[in-house]
$ cat query_32.cif   # mmCIF, C-alpha atoms (C1' of nucleotides)
data_coords
loop_
_atom_site.label_atom_id
_atom_site.label_comp_id
_atom_site.auth_asym_id
_atom_site.auth_seq_id
_atom_site.Cartn_x
_atom_site.Cartn_y
_atom_site.Cartn_z
CA MET H 145 0.00 0.00 0.00
CA GLU H 146 2.81 2.38 0.96
CA ASP H 147 4.46 1.27 -2.28
CA LYS H 148 2.01 3.24 -4.41
CA LEU H 149 3.15 6.39 -2.63
CA PHE H 150 6.86 5.67 -2.76
CA ASP H 151 6.72 4.52 -6.37
CA TYR H 152 5.17 7.87 -7.18
CA ILE H 153 7.77 9.84 -5.20
CA SER H 154 10.61 7.81 -6.69
CA ARG H 155 9.94 9.51 -10.01
CA TYR H 156 11.30 12.66 -8.36
CA MET H 157 13.83 11.51 -5.75
CA ILE H 158 15.25 8.53 -3.93
CA VAL H 159 13.59 8.11 -0.56
CA SER H 160 15.69 6.70 2.31
CA GLU H 161 14.39 4.04 4.67
CA GLU H 162 14.46 6.56 7.48
CA GLU H 163 12.26 8.90 5.49
CA LYS H 164 9.89 6.10 4.57
CA LYS H 165 9.54 5.09 8.18
CA ALA H 166 8.86 8.66 9.28
CA ILE H 167 6.06 8.95 6.74
CA ILE H 168 4.52 5.60 7.54
CA ASP H 169 4.64 6.47 11.25
CA LEU H 170 2.37 9.43 10.54
CA ASP H 171 -0.39 6.88 10.04
CA ILE H 172 -2.09 8.73 7.21
CA PHE H 173 -3.65 5.93 5.17
CA ARG H 174 -7.43 5.84 5.29
CA ASN H 175 -10.07 3.54 3.84
CA TYR H 176 -13.37 4.88 2.53
CA LYS H 177 -16.44 3.18 1.13
CA LYS H 178 -17.85 4.17 -2.26
CA GLY H 179 -20.08 7.19 -1.86
CA THR H 180 -18.39 8.54 1.27
CA ILE H 181 -18.50 12.32 1.33
CA LEU H 182 -15.11 13.69 2.33
CA LEU H 183 -15.97 17.36 2.08
CA THR H 184 -19.32 19.18 2.02
CA GLU H 185 -20.34 22.58 0.74
CA GLY H 186 -19.95 25.12 3.53
CA GLN H 187 -17.47 22.99 5.45
CA GLN H 188 -13.95 24.15 6.18
CA SER H 189 -11.24 21.51 6.25
CA ASP H 190 -7.45 21.58 6.09
CA ASP H 191 -7.16 18.11 4.62
CA GLY H 192 -5.42 17.29 1.37
CA TYR H 193 -5.74 13.95 -0.43
CA PHE H 194 -3.48 11.64 -2.36
CA VAL H 195 -5.28 8.71 -3.97
CA ILE H 196 -3.61 5.34 -3.41
CA LYS H 197 -6.49 3.29 -4.74
CA GLY H 198 -9.93 4.14 -6.07
CA CYS H 199 -11.10 7.54 -7.23
CA ILE H 200 -12.49 10.74 -5.76
CA ARG H 201 -14.62 13.38 -7.41
CA CYS H 202 -15.34 17.10 -6.94
CA TYR H 203 -18.80 18.43 -7.63
CA TYR H 204 -20.91 21.50 -7.03
CA ILE H 205 -24.63 21.57 -6.50
CA ILE H 206 -25.99 24.40 -8.62
CA ASP H 207 -29.75 24.95 -8.76
CA GLY H 208 -30.19 21.51 -7.27
CA GLU H 209 -28.09 19.92 -10.01
CA GLU H 210 -24.82 18.10 -9.49
CA LYS H 211 -22.00 19.60 -11.57
CA THR H 212 -18.92 17.42 -11.60
CA THR H 213 -15.71 19.31 -12.25
CA ALA H 214 -12.87 16.91 -11.45
CA PHE H 215 -11.87 13.30 -10.90
CA TYR H 216 -8.77 12.15 -9.05
CA PRO H 217 -7.92 8.48 -9.63
CA GLU H 218 -4.83 6.56 -8.43
CA SER H 219 -1.67 8.63 -7.91
CA GLU H 220 -3.42 11.97 -8.19
CA THR H 221 -3.52 14.71 -5.60
CA LEU H 222 -6.29 17.03 -4.48
CA ALA H 223 -5.71 20.02 -2.24
CA PRO H 224 -9.18 21.60 -2.06
CA LEU H 225 -9.41 25.37 -2.31
CA CYS H 226 -10.89 25.55 1.22
CA SER H 227 -7.75 23.90 2.61
CA VAL H 228 -5.67 26.61 0.99
CA ASN H 229 -7.72 29.76 1.50
CA LYS H 230 -9.23 28.71 4.85
CA LYS H 231 -12.74 29.53 3.72
CA PRO H 232 -15.84 27.31 3.61
CA SER H 233 -15.87 24.98 0.63
CA GLU H 234 -18.08 25.74 -2.36
CA TYR H 235 -18.02 22.14 -3.49
CA TYR H 236 -18.29 18.55 -2.39
CA VAL H 237 -15.69 15.80 -2.56
CA SER H 238 -16.81 12.17 -2.53
CA CYS H 239 -15.52 8.70 -3.29
CA VAL H 240 -16.49 7.35 -6.70
CA GLU H 241 -15.35 3.87 -5.55
CA ASP H 242 -14.09 2.18 -2.41
CA SER H 243 -10.83 4.06 -1.95
CA ILE H 244 -7.61 4.19 -0.01
CA LEU H 245 -6.39 7.72 0.47
CA ILE H 246 -3.56 9.52 2.15
CA VAL H 247 -5.12 12.32 4.14
CA SER H 248 -2.65 15.03 5.04
CA ASN H 249 -2.90 18.34 6.85
CA PRO H 250 -0.62 21.36 7.33
CA GLU H 251 0.61 20.33 10.80
CA MET H 252 1.89 16.96 9.68
CA GLU H 253 3.43 18.52 6.59
CA LYS H 254 5.22 20.97 8.83
CA THR H 255 6.56 18.09 10.96
CA ILE H 256 7.94 16.32 7.92
CA PHE H 257 9.30 19.44 6.23
CA GLU H 258 11.23 20.41 9.37
CA ARG H 259 12.81 17.00 9.68
CA PHE H 260 13.32 16.45 5.93
CA PRO H 261 13.44 19.73 4.02
CA ARG H 262 13.79 17.78 0.77
CA PHE H 263 10.12 16.98 1.05
CA GLU H 264 9.18 20.61 0.94
CA THR H 265 11.19 20.96 -2.26
CA LEU H 266 9.32 17.95 -3.61
CA CYS H 267 5.97 19.47 -2.72
CA ARG H 268 6.92 22.78 -4.29
CA ILE H 269 7.92 21.07 -7.51
CA LEU H 270 4.80 18.92 -7.53
CA SER H 271 2.57 21.96 -7.05
CA GLU H 272 4.32 23.81 -9.83
CA GLU H 273 3.88 20.83 -12.11
CA LEU H 274 0.25 20.34 -11.19
CA LEU H 275 -0.43 24.04 -11.73
CA ALA H 276 1.14 24.03 -15.19
CA LYS H 277 -0.75 20.88 -16.14
CA ASN H 278 -4.01 22.23 -14.84
CA GLN H 279 -3.51 25.34 -16.95
CA ALA H 280 -2.81 23.19 -19.98
CA SER H 281 -6.07 21.24 -19.50
CA PHE H 282 -7.94 24.48 -19.05
CA ASP H 283 -6.42 25.75 -22.30
CA GLY H 284 -7.45 22.55 -24.06
CA PHE H 285 -10.97 22.92 -22.74
CA LYS H 286 -11.28 26.54 -23.88
CA THR H 287 -10.01 25.86 -27.35
CA SER H 288 -12.12 22.75 -28.02
CA THR H 289 -15.70 21.91 -28.87
CA PRO H 290 -17.63 19.49 -26.64
CA GLU H 291 -17.07 16.74 -29.19
CA GLN H 292 -13.32 17.33 -29.26
CA ARG H 293 -13.26 17.33 -25.47
CA TYR H 294 -14.98 13.98 -25.42
CA LEU H 295 -12.57 12.53 -27.98
CA ASN H 296 -9.67 13.88 -25.99
CA LEU H 297 -10.99 12.26 -22.82
CA LEU H 298 -11.40 9.01 -24.68
CA LYS H 299 -7.76 9.21 -25.72
CA THR H 300 -6.17 10.47 -22.52
CA ARG H 301 -8.29 8.92 -19.75
CA PRO H 302 -10.31 6.05 -21.26
CA ASP H 303 -10.48 4.37 -17.84
CA LEU H 304 -12.65 7.17 -16.48
CA LEU H 305 -15.45 6.36 -18.91
CA GLN H 306 -15.58 2.84 -17.49
CA ARG H 307 -15.51 3.85 -13.88
CA VAL H 308 -17.86 6.78 -13.78
CA PRO H 309 -21.52 7.34 -14.75
CA GLN H 310 -22.07 9.22 -18.00
CA TYR H 311 -23.97 12.10 -16.45
CA GLN H 312 -20.91 12.91 -14.32
CA ILE H 313 -18.66 12.75 -17.39
CA ALA H 314 -21.07 15.10 -19.14
CA SER H 315 -20.73 17.94 -16.66
CA TYR H 316 -17.00 17.24 -16.50
CA LEU H 317 -17.07 18.02 -20.25
CA GLY H 318 -19.17 21.10 -19.62
CA ILE H 319 -22.35 19.77 -21.26
CA GLU H 320 -25.70 18.12 -20.43
CA PRO H 321 -26.04 14.32 -20.30
CA GLN H 322 -28.38 14.39 -23.31
CA SER H 323 -25.73 16.16 -25.36
CA LEU H 324 -23.09 13.62 -24.43
CA SER H 325 -25.44 10.84 -25.45
CA ARG H 326 -25.97 12.60 -28.77
CA ILE H 327 -22.24 13.08 -29.34
CA ARG H 328 -21.60 9.40 -28.73
CA LYS H 329 -24.32 8.46 -31.16
CA ARG H 330 -22.92 10.85 -33.77
CA LEU H 331 -19.47 9.31 -33.39
CA VAL H 332 -20.33 5.63 -33.73
CA LYS H 333 -21.18 6.07 -37.37
CA MET S 198 9.74 49.14 -8.77
CA GLU S 199 11.02 46.54 -6.28
CA ASP S 200 8.19 47.72 -4.06
CA LYS S 201 5.58 45.99 -6.19
CA LEU S 202 7.32 42.71 -5.52
CA PHE S 203 7.89 43.21 -1.81
CA ASP S 204 4.37 44.54 -1.27
CA TYR S 205 3.13 41.33 -2.81
CA ILE S 206 5.39 39.12 -0.70
CA SER S 207 4.54 41.06 2.45
CA ARG S 208 1.07 39.56 2.30
CA TYR S 209 2.74 36.28 3.20
CA MET S 210 5.80 37.14 5.28
CA ILE S 211 8.01 39.93 6.50
CA VAL S 212 11.06 40.30 4.29
CA SER S 213 14.33 41.43 5.93
CA GLU S 214 16.57 44.06 4.37
CA GLU S 215 19.20 41.39 3.81
CA GLU S 216 16.74 39.29 1.88
CA LYS S 217 15.57 42.25 -0.16
CA LYS S 218 19.13 43.11 -1.07
CA ALA S 219 19.87 39.53 -2.11
CA ILE S 220 16.88 39.53 -4.42
CA ILE S 221 17.60 42.93 -5.92
CA ASP S 222 21.20 41.86 -6.49
CA LEU S 223 19.96 39.09 -8.75
CA ASP S 224 19.13 41.83 -11.25
CA ILE S 225 15.97 40.21 -12.51
CA PHE S 226 13.87 43.20 -13.54
CA ARG S 227 13.33 43.52 -17.28
CA ASN S 228 11.58 46.02 -19.52
CA TYR S 229 9.66 44.93 -22.59
CA LYS S 230 7.84 46.87 -25.29
CA LYS S 231 4.24 46.14 -26.13
CA GLY S 232 4.07 43.24 -28.55
CA THR S 233 7.36 41.64 -27.49
CA ILE S 234 7.19 37.88 -27.79
CA LEU S 235 8.69 36.28 -24.69
CA LEU S 236 8.08 32.67 -25.68
CA THR S 237 7.33 31.05 -29.04
CA GLU S 238 5.72 27.79 -30.00
CA GLY S 239 8.38 25.09 -30.22
CA GLN S 240 10.80 26.99 -28.00
CA GLN S 241 12.06 25.61 -24.74
CA SER S 242 12.73 28.06 -21.95
CA ASP S 243 13.22 27.79 -18.20
CA ASP S 244 12.02 31.28 -17.50
CA GLY S 245 9.18 32.18 -15.19
CA TYR S 246 7.55 35.61 -15.00
CA PHE S 247 6.15 37.88 -12.33
CA VAL S 248 4.44 40.98 -13.69
CA ILE S 249 5.45 44.21 -11.98
CA LYS S 250 3.77 46.50 -14.48
CA GLY S 251 1.84 45.90 -17.69
CA CYS S 252 0.29 42.64 -18.78
CA ILE S 253 1.34 39.46 -20.57
CA ARG S 254 -0.80 37.04 -22.52
CA CYS S 255 -0.68 33.34 -23.50
CA TYR S 256 -2.01 32.24 -26.84
CA TYR S 257 -1.96 29.27 -29.16
CA ILE S 258 -2.07 29.39 -32.93
CA ILE S 259 -4.55 26.74 -34.03
CA ASP S 260 -5.36 26.41 -37.73
CA GLY S 261 -3.77 29.78 -38.25
CA GLU S 262 -6.03 31.40 -35.64
CA GLU S 263 -4.85 32.99 -32.41
CA LYS S 264 -6.52 31.45 -29.37
CA THR S 265 -5.89 33.45 -26.22
CA THR S 266 -6.08 31.41 -23.02
CA ALA S 267 -4.69 33.61 -20.26
CA PHE S 268 -3.77 37.13 -19.19
CA TYR S 269 -1.36 38.01 -16.41
CA PRO S 270 -1.58 41.62 -15.30
CA GLU S 271 0.23 43.31 -12.36
CA SER S 272 1.18 41.04 -9.46
CA GLU S 273 0.42 37.82 -11.29
CA THR S 274 2.79 34.96 -11.96
CA LEU S 275 3.28 32.77 -14.99
CA ALA S 276 5.41 29.64 -14.96
CA PRO S 277 4.90 28.26 -18.48
CA LEU S 278 4.41 24.53 -18.84
CA CYS S 279 7.61 24.25 -20.91
CA SER S 280 9.62 25.66 -18.00
CA VAL S 281 8.22 22.91 -15.80
CA ASN S 282 8.17 19.86 -18.05
CA LYS S 283 11.28 20.80 -20.07
CA LYS S 284 9.53 20.27 -23.38
CA PRO S 285 9.03 22.67 -26.29
CA SER S 286 6.23 25.14 -25.69
CA GLU S 287 2.86 24.66 -27.37
CA TYR S 288 1.97 28.29 -26.96
CA TYR S 289 3.20 31.85 -27.23
CA VAL S 290 3.64 34.45 -24.52
CA SER S 291 3.68 38.11 -25.45
CA CYS S 292 3.35 41.53 -23.88
CA VAL S 293 -0.08 43.13 -24.16
CA GLU S 294 1.43 46.46 -23.08
CA ASP S 295 4.84 47.92 -22.31
CA SER S 296 5.75 45.83 -19.28
CA ILE S 297 8.19 45.42 -16.45
CA LEU S 298 8.67 41.80 -15.50
CA ILE S 299 10.71 39.76 -13.10
CA VAL S 300 12.23 36.97 -15.11
CA SER S 301 13.38 34.08 -12.97
CA ASN S 302 14.91 30.70 -13.69
CA PRO S 303 15.60 27.54 -11.69
CA GLU S 304 19.28 28.32 -11.04
CA MET S 305 18.61 31.66 -9.41
CA GLU S 306 15.75 30.15 -7.45
CA LYS S 307 18.12 27.50 -6.18
CA THR S 308 20.61 30.19 -5.11
CA ILE S 309 17.97 32.03 -3.15
CA PHE S 310 16.36 28.92 -1.63
CA GLU S 311 19.72 27.69 -0.36
CA ARG S 312 20.50 30.97 1.30
CA PHE S 313 16.94 31.69 2.50
CA PRO S 314 14.88 28.48 2.81
CA ARG S 315 11.86 30.59 3.81
CA PHE S 316 11.55 31.58 0.18
CA GLU S 317 11.06 28.01 -0.89
CA THR S 318 8.25 27.71 1.63
CA LEU S 319 6.77 30.89 0.18
CA CYS S 320 6.99 29.52 -3.34
CA ARG S 321 5.42 26.24 -2.29
CA ILE S 322 2.52 28.04 -0.66
CA LEU S 323 2.08 30.37 -3.62
CA SER S 324 1.99 27.45 -6.05
CA GLU S 325 -0.55 25.64 -3.93
CA GLU S 326 -2.68 28.76 -3.83
CA LEU S 327 -2.36 29.41 -7.54
CA LEU S 328 -3.24 25.80 -8.29
CA ALA S 329 -6.37 25.87 -6.15
CA LYS S 330 -7.44 29.19 -7.68
CA ASN S 331 -6.79 27.97 -11.20
CA GLN S 332 -8.94 24.95 -10.47
CA ALA S 333 -11.69 27.19 -9.17
CA SER S 334 -11.66 29.31 -12.36
CA PHE S 335 -11.73 26.16 -14.45
CA ASP S 336 -14.73 24.97 -12.44
CA GLY S 337 -16.46 28.29 -12.99
CA PHE S 338 -15.78 28.08 -16.71
CA LYS S 339 -17.15 24.54 -16.99
CA THR S 340 -20.32 25.30 -15.11
CA SER S 341 -21.15 28.56 -16.93
CA THR S 342 -22.55 29.64 -20.26
CA PRO S 343 -20.55 32.07 -22.43
CA GLU S 344 -22.83 34.89 -21.30
CA GLN S 345 -22.28 34.07 -17.62
CA ARG S 346 -18.54 33.90 -18.21
CA TYR S 347 -18.61 37.34 -19.77
CA LEU S 348 -20.64 38.76 -16.88
CA ASN S 349 -18.26 37.16 -14.44
CA LEU S 350 -15.27 38.69 -16.21
CA LEU S 351 -17.00 42.05 -16.14
CA LYS S 352 -17.39 41.70 -12.38
CA THR S 353 -14.04 40.19 -11.43
CA ARG S 354 -11.59 41.72 -13.92
CA PRO S 355 -13.27 44.76 -15.51
CA ASP S 356 -9.84 46.30 -16.19
CA LEU S 357 -9.03 43.55 -18.71
CA LEU S 358 -11.87 44.64 -20.99
CA GLN S 359 -10.29 48.10 -21.20
CA ARG S 360 -6.78 46.89 -21.80
CA VAL S 361 -7.24 44.10 -24.27
CA PRO S 362 -8.83 43.79 -27.75
CA GLN S 363 -12.23 42.13 -27.86
CA TYR S 364 -11.20 39.26 -30.09
CA GLN S 365 -8.64 38.21 -27.48
CA ILE S 366 -11.27 38.39 -24.75
CA ALA S 367 -13.55 36.27 -26.92
CA SER S 368 -11.21 33.31 -27.15
CA TYR S 369 -10.38 33.78 -23.47
CA LEU S 370 -14.11 33.19 -22.93
CA GLY S 371 -14.03 30.21 -25.26
CA ILE S 372 -16.12 31.79 -28.03
CA GLU S 373 -15.79 33.57 -31.39
CA PRO S 374 -15.51 37.38 -31.60
CA GLN S 375 -18.88 37.58 -33.35
CA SER S 376 -20.52 35.76 -30.47
CA LEU S 377 -19.01 38.12 -27.93
CA SER S 378 -20.28 41.04 -29.95
CA ARG S 379 -23.74 39.45 -29.91
CA ILE S 380 -23.65 38.81 -26.17
CA ARG S 381 -22.73 42.44 -25.49
CA LYS S 382 -25.58 43.62 -27.69
CA ARG S 383 -28.00 41.28 -25.95
CA LEU S 384 -26.95 42.60 -22.56
CA VAL S 385 -27.23 46.33 -23.19
CA LYS S 386 -30.98 46.10 -23.39
"C1'" DC Q 27 -36.27 -13.12 -9.77
"C1'" DT Q 28 -38.81 -9.00 -9.26
"C1'" DC Q 29 -39.40 -4.39 -8.15
"C1'" DC Q 30 -37.68 0.05 -7.81
"C1'" DT Q 31 -34.29 3.43 -8.61
"C1'" DT Q 32 -30.88 5.34 -11.33
"C1'" DT Q 33 -28.89 6.12 -15.65
"C1'" DT Q 34 -28.97 6.46 -20.56
"C1'" DT Q 35 -31.22 7.19 -24.76
"C1'" DT Q 36 -34.54 9.23 -27.88
"C1'" DA Q 37 -37.39 12.83 -29.66
"C1'" DA Q 38 -39.34 17.47 -30.64
"C1'" DC Q 39 -38.59 21.96 -30.00
"C1'" DT Q 40 -35.94 26.27 -28.56
"C1'" DT Q 41 -32.01 28.89 -28.14
"C1'" DA Q 42 -27.48 30.31 -28.85
"C1'" DA Q 43 -23.08 29.74 -30.86
"C1'" DG Q 44 -20.33 28.84 -35.28
"C1'" DT Q 45 -19.56 30.33 -40.10
"C1'" DG Q 46 -18.79 33.27 -43.96
"C1'" DA Q 47 -19.22 37.60 -45.72
"C1'" DA Q 48 -19.73 42.54 -45.79
"C1'" DC Q 49 -19.15 47.09 -43.94
"C1'" DG Q 50 -17.59 50.93 -41.32
"C1'" DA Q 51 -14.54 52.55 -37.69
"C1'" DA Q 52 -10.30 52.67 -35.61
"C1'" DA Q 53 -5.61 52.07 -35.36
"C1'" DT Q 54 -1.09 51.80 -37.66
"C1'" DG Q 55 2.60 53.12 -40.18
"C1'" DA Q 56 4.95 55.03 -44.14
"C1'" DT O 43 -1.90 62.94 -43.92
"C1'" DC O 44 -3.32 59.23 -46.59
"C1'" DA O 45 -3.35 54.45 -47.43
"C1'" DT O 46 -3.69 50.08 -45.45
"C1'" DT O 47 -4.45 46.81 -42.30
"C1'" DT O 48 -6.90 45.44 -38.14
"C1'" DC O 49 -10.95 45.30 -35.33
"C1'" DG O 50 -15.76 45.32 -34.04
"C1'" DT O 51 -20.42 44.85 -35.55
"C1'" DT O 52 -24.14 43.12 -38.24
"C1'" DC O 53 -26.60 39.79 -41.09
"C1'" DA O 54 -28.21 35.43 -42.97
"C1'" DC O 55 -27.65 30.87 -42.54
"C1'" DT O 56 -26.05 26.42 -40.40
"C1'" DT O 57 -25.08 23.56 -36.72
"C1'" DA O 58 -25.06 21.92 -32.22
"C1'" DA O 59 -26.22 22.34 -27.52
"C1'" DG O 60 -30.05 23.32 -23.98
"C1'" DT O 61 -34.72 22.02 -22.49
"C1'" DT O 62 -38.57 19.27 -21.44
"C1'" DA O 63 -40.55 15.03 -21.46
"C1'" DA O 64 -40.87 10.24 -21.90
"C1'" DA O 65 -39.30 5.64 -22.74
"C1'" DA O 66 -35.76 2.17 -22.54
"C1'" DA O 67 -31.96 0.03 -20.29
"C1'" DA O 68 -29.12 -1.07 -16.49
"C1'" DG O 69 -28.12 -1.81 -11.70
"C1'" DG O 70 -29.14 -2.90 -6.86
"C1'" DA O 71 -31.81 -4.43 -2.84
"C1'" DG O 72 -34.54 -7.50 -0.87
#
$ encode --input "query_32.cif" --output "C-alpha cells"
Amino acid sequence: MEDKLFDYISRYMIVSEEEKKAIIDLDIFRNYKKGTILLTEGQQSDDGYFVIKGCIRCYYIIDGEEKTTAFYPESETLAPLCSVNKKPSEYYVSCVEDSILIVSNPEMEKTIFERFPRFETLCRILSEELLAKNQASFDGFKTSTPEQRYLNLLKTRPDLLQRVPQYQIASYLGIEPQSLSRIRKRLVK
Amino acid sequence: MEDKLFDYISRYMIVSEEEKKAIIDLDIFRNYKKGTILLTEGQQSDDGYFVIKGCIRCYYIIDGEEKTTAFYPESETLAPLCSVNKKPSEYYVSCVEDSILIVSNPEMEKTIFERFPRFETLCRILSEELLAKNQASFDGFKTSTPEQRYLNLLKTRPDLLQRVPQYQIASYLGIEPQSLSRIRKRLVK
DNA sequence: CTCCTTTTTTAACTTAAGTGAACGAAATGA
DNA sequence: TCATTTCGTTCACTTAAGTTAAAAAAGGAG
C-alpha cells in the first residue's frame, strides 16, 4: 500500500528508509467506502488527499443539479481550495469507488518538512507541475468543442469512462447528459 | 519598482533588508515593449515571469487562428508549462502592453532557496494557492454559459476589458468574436 | 427473480453559438 | 496625412447544444 506512494515519489527523488519510516509512522492511510463524502459545501477543512487506490470526485450543487468538475484516480492529488484559502468549501468531494487515500494536513506537513526539508522541495515542484498541467487542461478545454473534449478524454483517460456514470462525465465536459449521449451516437457512425 | 514585488510578498511574510538586497542583487527586472514575444511555440525556456507593471498574454495558434487562453496583469505569476516539463512550448507568450517583468529561472531560485529556505516555503505556498485558484476558475468556466462567463469577467476583472482587444477576450471566454459582440448587444438592453 | 431506482437514450422543440461575408470605424505606419 | 491593415459589428444561414418530457436500459436491494 505504501508502495504506491513511494513509487510515485521515486519519479522525483530517492527516498531513504528513514524517510519512509517517518512517513509511515504518521499513520495517514485511510479507507473509505464508495459514496463517502469527504468534504461538504460550507465545510472548512485543512485536509489534502493523495489517492492510493480508487477515485475521488469534486462536484458543485448548482440549482439543485450536481455539476462534476474533477476526478482524481490513483496517484493523483487534491488540495481543495478551502484547505488553501481557509474559507468554507463551495463544493463537495466524494468517493467514486471504495478508496484508499492519504489524508494530510498542514501540521503533519510541517513536521515532515522540518525534519526532511527535501520533502518541501518535492511538494513545491509537484505543485508547480500540477499548476502548469491544470492550466494546460484548461487551455485545451477553452479551445475545443464538446465533441473534441470527449474525444480527448477518450484518448487520454479512457479508464474514467468505465468507472464513472455518464452524467458525471457530461458535466466534466461542460455539457448536459443528453448532449453527451448525442455526441456518442454521432461518433459511432 | 522593487516595491511591487515586496508589497506582494509582504502579504505572506516579512522580508528582511538582507533578503531584499539579495533579491535585488539578482538583477531580474526587465523592460519589454508592447508586442514583445517572450516565448514562441516550439521553443524551450526555463524562465518564469512575475508581472510588476503591464500585462502578458498566453495564446496558441490553431489552424492559423490565435486562441488566447490567459492574461497576467500586475502582481500575477506565470510559470509556463515548458519551464516545468522541459519540453518545447505549445503556446506563445507576449506583452499586451509595455511591461516590467521579473524573469526568474531555476538556477537563481536554487541560489535564493539555499540561502533563505523561507523563500522556498513561500513559493510552495504560492503554487498551492495558484493551483487551487486555477482549479476554481476552471470549475467556474465549466459550469457557466458564455454569457455568464462574460458577466463574471466584467465583475471580477473589468480592467481587462479596457486593456485588451475584444477578439482576445472572446477566445479567453471560449467563443468567437462575433458571439461576444452578440452577447454584449443582448446585454445592453 | 422481481421491483424500484438510477442512468442512458430518444425525440421534438428552442435557443445560442459557429460560419462566412460585408461594412464601417479605428488604429497603424509610411 | 493618406493608405492600409486590423478590429468590431451586423446579417443570414447552419449547426449543435439546452430544455422538457418520456421511454428504454441497467443496476441494486430484498
$ interface_residues --input "query_32.cif" --of "chain S" --to "chain H" --cutoff "10 Å" --atoms "all atoms listed in the file" --output "VMD selection string"
chain S and resid 255 to 257 259 264 to 267 275 to 282 287 to 288 310 314 317 to 342 368 to 372
$ interface_residues --input "query_32.cif" --of "chain H" --to "chain Q" --cutoff "12 Å" --atoms "all atoms listed in the file" --output "PyMOL selection string"
chain H and resi 289+308-312+314+321-329
$ closest_residue --input "query_32.cif" --among "O:DG60, O:DA54, O:DG72, O:DC44" --to "chain S" --atoms "all atoms listed in the file"
O:DG60
$ resolve_selection --input "query_32.cif" --expression "the PyMOL selection byres ((chain O) within 9 of (chain S))" --output "PDB file with C-alpha atoms (C1' of nucleotides), in the frame of the given file"
ATOM      1  C1'  DC O  49     -10.950  45.300 -35.330  1.00  0.00           C
ATOM      2  C1'  DG O  50     -15.760  45.320 -34.040  1.00  0.00           C
ATOM      3  C1'  DT O  51     -20.420  44.850 -35.550  1.00  0.00           C
TER       4       DT O  51
END
$ residues_around --input "query_32.cif" --residues "range 205-219 of chain S" --least-positions-apart "6" --cutoff "10 Å" --atoms "all atoms listed in the file" --output "list of chain:residue names"
S:Glu199, S:Ile249, S:Ser272, S:Glu273, S:Thr308, S:Ile309, S:Arg312, S:Phe313, S:Arg315, S:Phe316, S:Leu319, S:Ile322, S:Leu323
$ resolve_selection --input "query_32.cif" --expression "the PyMOL selection byres ((chain S and resi 297) around 9)" --output "list in words"
Met198, Phe226, Arg227, Asn228, Tyr229, Lys230, Phe247, Val248, Ile249, Lys250, Gly251, Cys252, Asp295, Ser296, Leu298 and Ile299 of chain S
$ residues_around --input "query_32.cif" --residues "Pro250 in chain H" --least-positions-apart "4" --cutoff "8 Å" --atoms "only C-alpha atoms (C1' of nucleotides)" --output "JSON, numbers by chain"
{"H": [190, 191, 254]}
$ write_last_selection --input "query_32.cif" --atoms "C-alpha atoms" --output "CSV table (one decimal), keeping the file's coordinate frame"
chain,number,residue,atom,x,y,z
H,190,ASP,CA,-7.4,21.6,6.1
H,191,ASP,CA,-7.2,18.1,4.6
H,254,LYS,CA,5.2,21.0,8.8
$ atom_distance --input "query_32.cif" --atom1 "CA of Glu218 in chain H" --atom2 "CA of Glu291 in chain H"
26.2 Å
$ closest_residue --input "query_32.cif" --among "S:Leu202, S:Ile366, S:Met305, S:Val290" --to "Thr237 in chain S" --atoms "only C-alpha atoms"
S:Val290
$ build_atoms --input "query_32.cif" --residues "range 256-264 of chain H" --atoms "N, CA, C and O atoms" --output "PDB file, in the coordinates of the input"
ATOM      1  N   ILE H 256       7.058  16.985   8.879  1.00  0.00           N
ATOM      2  CA  ILE H 256       7.940  16.320   7.920  1.00  0.00           C
ATOM      3  C   ILE H 256       8.924  17.293   7.285  1.00  0.00           C
ATOM      4  O   ILE H 256      10.115  17.012   7.172  1.00  0.00           O
ATOM      5  N   PHE H 257       8.424  18.460   6.889  1.00  0.00           N
ATOM      6  CA  PHE H 257       9.300  19.440   6.230  1.00  0.00           C
ATOM      7  C   PHE H 257      10.449  19.868   7.142  1.00  0.00           C
ATOM      8  O   PHE H 257      11.580  20.093   6.681  1.00  0.00           O
ATOM      9  N   GLU H 258      10.173  19.971   8.447  1.00  0.00           N
ATOM     10  CA  GLU H 258      11.230  20.410   9.370  1.00  0.00           C
ATOM     11  C   GLU H 258      12.301  19.339   9.505  1.00  0.00           C
ATOM     12  O   GLU H 258      13.482  19.638   9.584  1.00  0.00           O
ATOM     13  N   ARG H 259      11.843  18.094   9.518  1.00  0.00           N
ATOM     14  CA  ARG H 259      12.810  17.000   9.680  1.00  0.00           C
ATOM     15  C   ARG H 259      13.518  16.694   8.362  1.00  0.00           C
ATOM     16  O   ARG H 259      14.706  16.404   8.348  1.00  0.00           O
ATOM     17  N   PHE H 260      12.746  16.762   7.248  1.00  0.00           N
ATOM     18  CA  PHE H 260      13.320  16.450   5.930  1.00  0.00           C
ATOM     19  C   PHE H 260      12.982  17.547   4.922  1.00  0.00           C
ATOM     20  O   PHE H 260      11.991  17.431   4.192  1.00  0.00           O
ATOM     21  N   PRO H 261      13.778  18.590   4.906  1.00  0.00           N
ATOM     22  CA  PRO H 261      13.440  19.730   4.020  1.00  0.00           C
ATOM     23  C   PRO H 261      13.294  19.338   2.547  1.00  0.00           C
ATOM     24  O   PRO H 261      12.604  20.024   1.801  1.00  0.00           O
ATOM     25  N   ARG H 262      13.932  18.244   2.155  1.00  0.00           N
ATOM     26  CA  ARG H 262      13.790  17.780   0.770  1.00  0.00           C
ATOM     27  C   ARG H 262      12.342  17.583   0.369  1.00  0.00           C
ATOM     28  O   ARG H 262      11.987  17.704  -0.785  1.00  0.00           O
ATOM     29  N   PHE H 263      11.521  17.227   1.364  1.00  0.00           N
ATOM     30  CA  PHE H 263      10.120  16.980   1.050  1.00  0.00           C
ATOM     31  C   PHE H 263       9.359  18.257   0.739  1.00  0.00           C
ATOM     32  O   PHE H 263       8.391  18.240  -0.011  1.00  0.00           O
ATOM     33  N   GLU H 264       9.819  19.352   1.307  1.00  0.00           N
ATOM     34  CA  GLU H 264       9.180  20.610   0.940  1.00  0.00           C
ATOM     35  C   GLU H 264       9.540  20.973  -0.496  1.00  0.00           C
ATOM     36  O   GLU H 264       8.688  21.446  -1.257  1.00  0.00           O
TER      37      GLU H 264
END
